[in-house]
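Colleague: The following block contains the structure, expressed as structure tokens.
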Amino acid sequence: MSVRLRAALFDFGDTLFYSPDGGEVIAAEAGIGRPEADRLWSQIWSHSKTPEALAVGRDRSPALHRRAWLDLFKPAERYRPGLSELLYERVMDHQRWRPYPDTAPVLRALKR
């Protein structure tokens with residue numbers, strides 16, 4: 001049986017597009033080694049996916065998004081004051097996100 005799709009809905013972040021490497025930003029701007037920066041980024045990113053972090057409704061408005069992510073980035077402040085703001089600018093700016101390699105082929109296939 002064949003079903004004709006009328007619509008498909010995708011989430012932007014971590015589905016079709018991925019963010020710049022937060023560990024790279026932390027290492028470069030805080031002056032710490034990549035392993036430590038990557039551990040910190042992994043902790044931040046993992047925490048951002050928890051029910052508690054998602055419950056703040058960060059995707060409801062630009063202001064809520066900014067506030068929620070700056071709170072999530074607070075652990076980076078111990079390495080350099082202002083690093084939360086810098087992470088937000090460099091990692092959360094949707095214009096800096098890049099498509100996954102399979103994004104275009106999947107969207108083309110769906111269009112067909």
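By order in the structure tokens, chains are A, B, ...; within a chain, residues start at 1; ligands start at 1, following the order shown.
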At a cut-off of 12 Å, using only C-alpha atoms, what residues contact Arg6 in chain A? Leave out same-chain residues fewer than 2 positions from it and give the result as a list in words.
Modeller: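 Within the cut-off, the hits are Val3, Arg4, Ala8, Leu9, Leu110, Lys111 and Arg112 of chain A.
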Colleague: Range 12-52 of chain A near range 73-90 of chain A within 10 Å: what's each residue's closest atom pair and its distance in Å to one decimal, counting only C-alpha atoms, ordered by chain then ascending residue number, as JSON lines?
Modeller:
```
{"residue": "A:Ser19", "atom": "CA", "partner": "A:Arg90", "partner_atom": "CA", "distance": 8.9}
{"residue": "A:Pro20", "atom": "CA", "partner": "A:Arg90", "partner_atom": "CA", "distance": 7.2}
{"residue": "A:Asp21", "atom": "CA", "partner": "A:Arg90", "partner_atom": "CA", "distance": 9.0}
{"residue": "A:Gly22", "atom": "CA", "partner": "A:Leu87", "partner_atom": "CA", "distance": 6.9}
{"residue": "A:Gly23", "atom": "CA", "partner": "A:Leu87", "partner_atom": "CA", "distance": 9.7}
{"residue": "A:Val25", "atom": "CA", "partner": "A:Leu87", "partner_atom": "CA", "distance": 7.0}
{"residue": "A:Ile26", "atom": "CA", "partner": "A:Ala76", "partner_atom": "CA", "distance": 7.6}
{"residue": "A:Ala27", "atom": "CA", "partner": "A:Tyr79", "partner_atom": "CA", "distance": 9.7}
{"residue": "A:Glu29", "atom": "CA", "partner": "A:Leu83", "partner_atom": "CA", "distance": 7.5}
{"residue": "A:Ala30", "atom": "CA", "partner": "A:Arg80", "partner_atom": "CA", "distance": 5.6}
{"residue": "A:Gly31", "atom": "CA", "partner": "A:Tyr79", "partner_atom": "CA", "distance": 8.2}
{"residue": "A:Ile32", "atom": "CA", "partner": "A:Tyr79", "partner_atom": "CA", "distance": 8.1}
{"residue": "A:Ala37", "atom": "CA", "partner": "A:Ala76", "partner_atom": "CA", "distance": 9.0}
{"residue": "A:Leu40", "atom": "CA", "partner": "A:Ala76", "partner_atom": "CA", "distance": 7.5}
{"residue": "A:Trp41", "atom": "CA", "partner": "A:Ala76", "partner_atom": "CA", "distance": 8.5}
{"residue": "A:Gln43", "atom": "CA", "partner": "A:Pro75", "partner_atom": "CA", "distance": 9.3}
{"residue": "A:Ile44", "atom": "CA", "partner": "A:Phe73", "partner_atom": "CA", "distance": 6.6}
{"residue": "A:Trp45", "atom": "CA", "partner": "A:Phe73", "partner_atom": "CA", "distance": 9.1}
{"residue": "A:Ser48", "atom": "CA", "partner": "A:Phe73", "partner_atom": "CA", "distance": 9.5}
```
Colleague: Could the residues in this selection be written to a file with all heavy atoms, as a short mmCIF file (atom, residue, chain, number, x, y, z; two decimals), in the first residue's frame?
Modeller:
```
data_model
loop_
_atom_site.label_atom_id
_atom_site.label_comp_id
_atom_site.auth_asym_id
_atom_site.auth_seq_id
_atom_site.Cartn_x
_atom_site.Cartn_y
_atom_site.Cartn_z
N SER A 19 25.05 22.48 15.25
CA SER A 19 25.67 23.74 15.69
C SER A 19 27.18 23.67 15.57
O SER A 19 27.77 22.58 15.51
CB SER A 19 25.30 24.01 17.14
OG SER A 19 25.91 23.07 17.99
N PRO A 20 27.82 24.84 15.58
CA PRO A 20 29.28 24.86 15.67
C PRO A 20 29.73 24.14 16.94
O PRO A 20 28.97 23.99 17.88
CB PRO A 20 29.61 26.35 15.73
CG PRO A 20 28.45 27.03 15.09
CD PRO A 20 27.25 26.18 15.45
N ASP A 21 30.97 23.72 16.95
CA ASP A 21 31.53 22.97 18.06
C ASP A 21 31.76 23.86 19.28
O ASP A 21 32.68 24.68 19.28
CB ASP A 21 32.83 22.31 17.60
CG ASP A 21 33.46 21.42 18.63
OD1 ASP A 21 33.00 21.40 19.79
OD2 ASP A 21 34.43 20.73 18.28
N GLY A 22 30.93 23.69 20.29
CA GLY A 22 31.08 24.48 21.51
C GLY A 22 32.39 24.22 22.23
O GLY A 22 32.97 25.12 22.82
N GLY A 23 32.87 22.98 22.17
CA GLY A 23 34.16 22.67 22.79
C GLY A 23 35.30 23.46 22.17
O GLY A 23 36.21 23.92 22.85
N VAL A 25 35.02 26.42 20.74
CA VAL A 25 34.87 27.80 21.19
C VAL A 25 35.41 27.95 22.61
O VAL A 25 36.16 28.89 22.90
CB VAL A 25 33.40 28.25 21.11
CG1 VAL A 25 33.21 29.64 21.72
CG2 VAL A 25 32.90 28.22 19.67
N ILE A 26 35.05 27.03 23.48
CA ILE A 26 35.51 27.10 24.87
C ILE A 26 37.03 27.02 24.93
O ILE A 26 37.68 27.82 25.60
CB ILE A 26 34.87 25.98 25.72
CG1 ILE A 26 33.37 26.23 25.86
CG2 ILE A 26 35.54 25.89 27.09
CD1 ILE A 26 32.58 25.05 26.43
N ALA A 27 37.62 26.06 24.23
CA ALA A 27 39.08 25.90 24.25
C ALA A 27 39.77 27.16 23.76
O ALA A 27 40.73 27.64 24.38
CB ALA A 27 39.49 24.70 23.42
N GLU A 29 38.63 30.31 23.51
CA GLU A 29 38.35 31.54 24.23
C GLU A 29 38.70 31.49 25.71
O GLU A 29 38.89 32.52 26.33
CB GLU A 29 36.89 31.94 24.04
CG GLU A 29 36.51 32.21 22.60
CD GLU A 29 37.31 33.36 21.98
OE1 GLU A 29 37.69 34.30 22.71
OE2 GLU A 29 37.56 33.30 20.76
N ALA A 30 38.76 30.30 26.28
CA ALA A 30 39.07 30.17 27.71
C ALA A 30 40.52 29.79 27.94
O ALA A 30 40.98 29.78 29.07
CB ALA A 30 38.15 29.15 28.36
N GLY A 31 41.21 29.41 26.86
CA GLY A 31 42.61 29.04 27.00
C GLY A 31 42.83 27.74 27.72
O GLY A 31 43.81 27.58 28.44
N ILE A 32 41.89 26.80 27.58
CA ILE A 32 42.06 25.49 28.20
C ILE A 32 42.21 24.44 27.09
O ILE A 32 41.88 24.70 25.93
CB ILE A 32 40.89 25.13 29.14
CG1 ILE A 32 39.55 25.07 28.39
CG2 ILE A 32 40.80 26.14 30.27
CD1 ILE A 32 38.39 24.59 29.24
N ALA A 37 37.79 21.23 27.62
CA ALA A 37 36.73 22.01 26.97
C ALA A 37 35.64 21.09 26.43
O ALA A 37 34.45 21.39 26.55
CB ALA A 37 37.33 22.85 25.85
N LEU A 40 33.45 19.82 29.29
CA LEU A 40 32.52 20.86 29.72
C LEU A 40 31.38 21.01 28.71
O LEU A 40 30.21 21.05 29.09
CB LEU A 40 33.25 22.19 29.91
CG LEU A 40 32.37 23.40 30.24
CD1 LEU A 40 31.58 23.18 31.52
CD2 LEU A 40 33.22 24.66 30.33
N TRP A 41 31.71 21.06 27.43
CA TRP A 41 30.68 21.19 26.41
C TRP A 41 29.73 20.00 26.43
O TRP A 41 28.52 20.18 26.31
CB TRP A 41 31.30 21.37 25.03
CG TRP A 41 30.23 21.54 24.00
CD1 TRP A 41 29.87 20.68 23.02
CD2 TRP A 41 29.34 22.65 23.90
NE1 TRP A 41 28.81 21.18 22.30
CE2 TRP A 41 28.46 22.40 22.84
CE3 TRP A 41 29.18 23.84 24.63
CZ2 TRP A 41 27.45 23.27 22.45
CZ3 TRP A 41 28.18 24.72 24.25
CH2 TRP A 41 27.33 24.43 23.17
N GLN A 43 28.92 18.15 28.95
CA GLN A 43 28.05 18.30 30.12
C GLN A 43 26.95 19.32 29.86
O GLN A 43 25.78 19.08 30.17
CB GLN A 43 28.87 18.71 31.35
CG GLN A 43 29.78 17.63 31.86
CD GLN A 43 30.79 18.16 32.89
OE1 GLN A 43 30.83 19.35 33.19
NE2 GLN A 43 31.62 17.27 33.40
N ILE A 44 27.32 20.46 29.29
CA ILE A 44 26.35 21.51 28.98
C ILE A 44 25.31 21.00 27.99
O ILE A 44 24.11 21.13 28.20
CB ILE A 44 27.05 22.77 28.43
CG1 ILE A 44 27.86 23.46 29.53
CG2 ILE A 44 26.03 23.74 27.80
CD1 ILE A 44 28.79 24.56 29.04
N TRP A 45 25.77 20.38 26.91
CA TRP A 45 24.88 19.92 25.85
C TRP A 45 23.96 18.81 26.35
O TRP A 45 22.76 18.81 26.05
CB TRP A 45 25.70 19.46 24.65
CG TRP A 45 24.95 19.49 23.35
CD1 TRP A 45 24.60 18.42 22.59
CD2 TRP A 45 24.45 20.64 22.66
NE1 TRP A 45 23.92 18.83 21.47
CE2 TRP A 45 23.81 20.20 21.49
CE3 TRP A 45 24.47 22.01 22.93
CZ2 TRP A 45 23.20 21.06 20.58
CZ3 TRP A 45 23.88 22.87 22.02
CH2 TRP A 45 23.26 22.38 20.87
N SER A 48 21.30 20.26 28.49
CA SER A 48 20.30 21.00 27.71
C SER A 48 19.17 20.11 27.20
O SER A 48 18.10 20.61 26.85
CB SER A 48 20.96 21.72 26.54
OG SER A 48 21.26 20.83 25.48
#
```
Colleague: Would you list, as a PyMOL selection string, the residues of chain A that end up in strand (DSSP E) under DSSP run on this structure's backbone?
Modeller: chain A and resi 17-18+98-99
Colleague: If we count only C-alpha atoms, what is near Val56 in chain A at a cut-off of 10 Å, once residues fewer than 5 positions away on the same chain are taken out, given as a ChimeraX atom specification?
Modeller: /A:51,64-65,67-68
Colleague: Write out as a list in words the residues lying within 7 Å of Pro99 in chain A, counting only C-alpha atoms and excluding same-chain residues fewer than 2 positions away.
Modeller: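 Once the nearby chain positions are removed, what remains is Leu16, Phe17, Tyr18, Trp97, Pro101 and Thr103 of chain A.
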Colleague: Taking the chain letters and numbering used in this document, name the residues of chain A that DSSP puts in helix (DSSP H, G or I), as number ranges by chain.
Modeller: A: 22-30, 34-48, 51-54, 62-72, 74-78, 83-91, 94-96, 103-111
Colleague: Calculate how many Å separate CA of Tyr100 in chain A from CA of Ser2 in chain A, rounding to one decimal.
Modeller: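 Computed distance, CA of Tyr100 in chain A to CA of Ser2 in chain A, equals 28.1 Å.
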Colleague: Counting only C-alpha atoms, figure out which residue out of A:Arg108, A:Arg66, A:His47, A:Arg34 gets nearest to Val91 in chain A.
Modeller: A:Arg66
Colleague: Between CA of Glu24 in chain A and CA of Lys49 in chain A, what distance in Å does the model show, to one decimal?
Modeller: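 The value is 20.1 Å.
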